[in-house]
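Have a look at the structure below before the remarks.
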Amino acid sequence: MAVKQKTLAKEFSISGKGLHTNCLVNMTFKPAPINFGFKFQRIDLEHQPILNANVDLVVDTSRGTVIENHGARISTIEHSLAALTGMDLDNVLIEIDNEEVPILDGSSRFFVQAIEEAGIVEQDAEREYFVITEPIIYKNSKTGSEIVALPDNDFNLNVLIAFKSSVLNNQFATLNSLADFKEEIANSRTFVFLHELDYLLKNNLVKGGDMDSAIVIIDRPVSQDELDRIADLFNHKRVEVKAQGILNNIDLQYDNECARHKLLDVIGDLALAGKRIKGRIIATKPGHSANTEFAKLIKKAILKEESREKAPVYNANSPVLMDVNKIKELLPHRFPFLLVDKIIDVQKDFIVGVKNVTANEPFFQGHFPEEPVMPGVLLVEAMAQAGGIFVLRNLEGKFSTYFMKIDNVKFRKKVVPGDTIILKVVLTSPIRRGIAEMRGLCYVGDSIVAEGDYMAQIVKIN
């Protein structure tokens, strides 16, 4: 059964202090049209720039998740995004008048309550899901973080945290359905070890925090004088250490509240992938850095799927962007190995070319005389040549591309004389240090006949 997209029934506002800046921040959450997604708008800046909730904009994860675009920055976005996702929303505009989302009590509770009061409405469009069909794995050997996505019929999460601490060693949390987010996860507060808190205070951070906005964990001997000093810094009444190693200013809501909060963070950070997920997420020792790196893998898989689904529209009457003579200026290939006849579309992250297959192709003499079929290796080469045109087209001087790796190549249908092959090559990550990663697809009509992932090195020719 199709699920409809959802937005707020009416707008609502939340105010509070930024954790690190101590500035009063006002946020207004507004209904948004279909396919809008989650976007933040810095209404305090000139031109009121809008920042998509997009993992490509993440610039810092040291003390929360921070996004930035053209100098406009918003930090600590994960708790609000977790609330929007957990309450089953799709399209919301979030206006904010400072660079830091309020910390409130360190959970998603106040966002969830405000969403409930504002109400939720269905929209006249189906929600699109990214369905996990094969394992997606992120590992960091230095931190021990590992996040895995596995096929499942719903979005559910298992989270394990582990610290070298007698108070907080191993904890496990599970969410079997987002329908349980409000009751099981939303109220779980962030936590901090006392030695981290001391470091933050000495470095002029957490200026807007107080001892009620986080669970403070004491896992080393500490004098009452030191506790009194910290309480005084936060203008808080004096505190003592409880038997379980936390300060006596708050009570735990769950025995595994810390693990539940880490699960909350995973939900908020994965919202930056840009599409709702159907799959089981298993996260060991997650953190904002690991979460957002994993979100990048999810987004890469989403782009790969989207590029696979949509065949380019080819109209023989459309203008040609590059004819074969222009292509020869970019590529060194010549007869009988030049396999792109023209380029019909170029965008910032993809290119579309055409190869017309005739009975006069020289390879049909041996492959096969009685049943002519275009060799699969030449389909791979045609995609590679289109990718080469894409990366070379704007470079000054003479360059060439050398393919370093080709993965996940699949041949789905035969290509025979009379077919017109549409070659679409999509850039799957930004070009860095002369390395381009791309996904190539060959279409005949609306059907994919071949596909594969490419990595190429761009080399200057003397």
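Simple scheme: letters A, B, ... for chains in structure tokens order, numbers from 1 for residues in each chain, numbers from 1 for ligands in the order shown.
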* Asked: Can you list, as a VMD selection string, every protein, DNA or RNA residue that comes within 12 Å of Phe111 in chain A when you count only C-alpha atoms, leaving out same-chain residues fewer than 5 positions away?
  -> chain A and resid 12 to 16 27 to 29 77 to 87 94 101 to 106 116 to 118 182 186 to 187
* Write out as a ChimeraX atom specification the residues lying within 9 Å of Asp56 in chain A, counting only C-alpha atoms and excluding same-chain residues fewer than 6 positions away. => /A:67,272-273,296
Show me, as a PDB file with C-alpha atoms, in the first residue's frame, the residues that have an atom within 8 Å of Leu270 in chain A when counting only C-alpha atoms, minus same-chain residues fewer than 6 positions from it.
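For reference, selection09.pdb as written:
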ATOM      1  CA  ASN A 291      26.880   8.365  11.155  1.00  0.00           C
ATOM      2  CA  THR A 292      27.471  10.996   8.498  1.00  0.00           C
ATOM      3  CA  PHE A 294      27.533   6.125   6.554  1.00  0.00           C
ATOM      4  CA  ALA A 295      24.877   8.587   5.347  1.00  0.00           C
TER       5      ALA A 295
END
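Here CA of Val340 in chain A stands at a distance of 7.5 Å from CA of Val324 in chain A.
Excluding Lys414 in chain A and any residue on its chain fewer than 5 positions from it, the residues at most 8 Å away by only C-alpha atoms are Val373, Met374 and Val449 of chain A.
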Could you turn the residues from that selection into a file that holds N, CA and C atoms, as a JSON list (two decimals), in the first residue's frame?
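So out-v3.json came out as:
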[["chain", "number", "residue", "atom", "x", "y", "z"],
["A", 373, "VAL", "N", 25.96, -9.77, -32.29],
["A", 373, "VAL", "CA", 25.73, -9.22, -30.95],
["A", 373, "VAL", "C", 26.92, -8.34, -30.60],
["A", 374, "MET", "N", 26.66, -7.13, -30.13],
["A", 374, "MET", "CA", 27.75, -6.24, -29.74],
["A", 374, "MET", "C", 28.44, -6.79, -28.50],
["A", 449, "VAL", "N", 20.71, -2.05, -20.76],
["A", 449, "VAL", "CA", 21.34, -3.22, -21.37],
["A", 449, "VAL", "C", 22.68, -3.55, -20.72]]
Neighbour list for Ala382 in chain A as an mmCIF file with N, CA and C atoms, in the first residue's frame, cut-off 9 Å, only C-alpha atoms, skip fewer than 4 positions in-chain:
data_model
loop_
_atom_site.group_PDB
_atom_site.id
_atom_site.type_symbol
_atom_site.label_atom_id
_atom_site.label_comp_id
_atom_site.auth_asym_id
_atom_site.auth_seq_id
_atom_site.Cartn_x
_atom_site.Cartn_y
_atom_site.Cartn_z
ATOM 1 N N LEU A 338 36.433 4.269 -31.570
ATOM 2 C CA LEU A 338 35.678 5.400 -31.038
ATOM 3 C C LEU A 338 34.216 4.995 -30.982
ATOM 4 N N LEU A 339 33.656 4.924 -29.787
ATOM 5 C CA LEU A 339 32.344 4.312 -29.575
ATOM 6 C C LEU A 339 31.289 5.294 -29.063
ATOM 7 N N VAL A 340 31.540 6.588 -29.220
ATOM 8 C CA VAL A 340 30.542 7.611 -28.897
ATOM 9 C C VAL A 340 30.379 8.487 -30.134
ATOM 10 N N LYS A 355 25.397 6.202 -29.130
ATOM 11 C CA LYS A 355 26.150 5.328 -30.040
ATOM 12 C C LYS A 355 25.127 4.606 -30.928
ATOM 13 N N VAL A 377 32.235 -6.140 -23.672
ATOM 14 C CA VAL A 377 33.404 -5.346 -23.331
ATOM 15 C C VAL A 377 33.380 -4.006 -24.062
ATOM 16 N N LEU A 378 32.765 -3.952 -25.241
ATOM 17 C CA LEU A 378 32.679 -2.696 -25.971
ATOM 18 C C LEU A 378 31.597 -1.782 -25.385
ATOM 19 N N ALA A 386 32.396 7.863 -22.659
ATOM 20 C CA ALA A 386 31.483 8.954 -22.291
ATOM 21 C C ALA A 386 31.925 9.595 -20.980
ATOM 22 N N GLY A 387 32.358 8.759 -20.021
ATOM 23 C CA GLY A 387 32.856 9.303 -18.755
ATOM 24 C C GLY A 387 34.116 10.132 -18.966
ATOM 25 N N LEU A 423 24.028 6.403 -23.720
ATOM 26 C CA LEU A 423 25.055 6.230 -22.689
ATOM 27 C C LEU A 423 24.886 7.315 -21.642
ATOM 28 N N CYS A 442 24.016 1.874 -19.929
ATOM 29 C CA CYS A 442 23.672 1.819 -21.346
ATOM 30 C C CYS A 442 22.192 1.471 -21.471
#
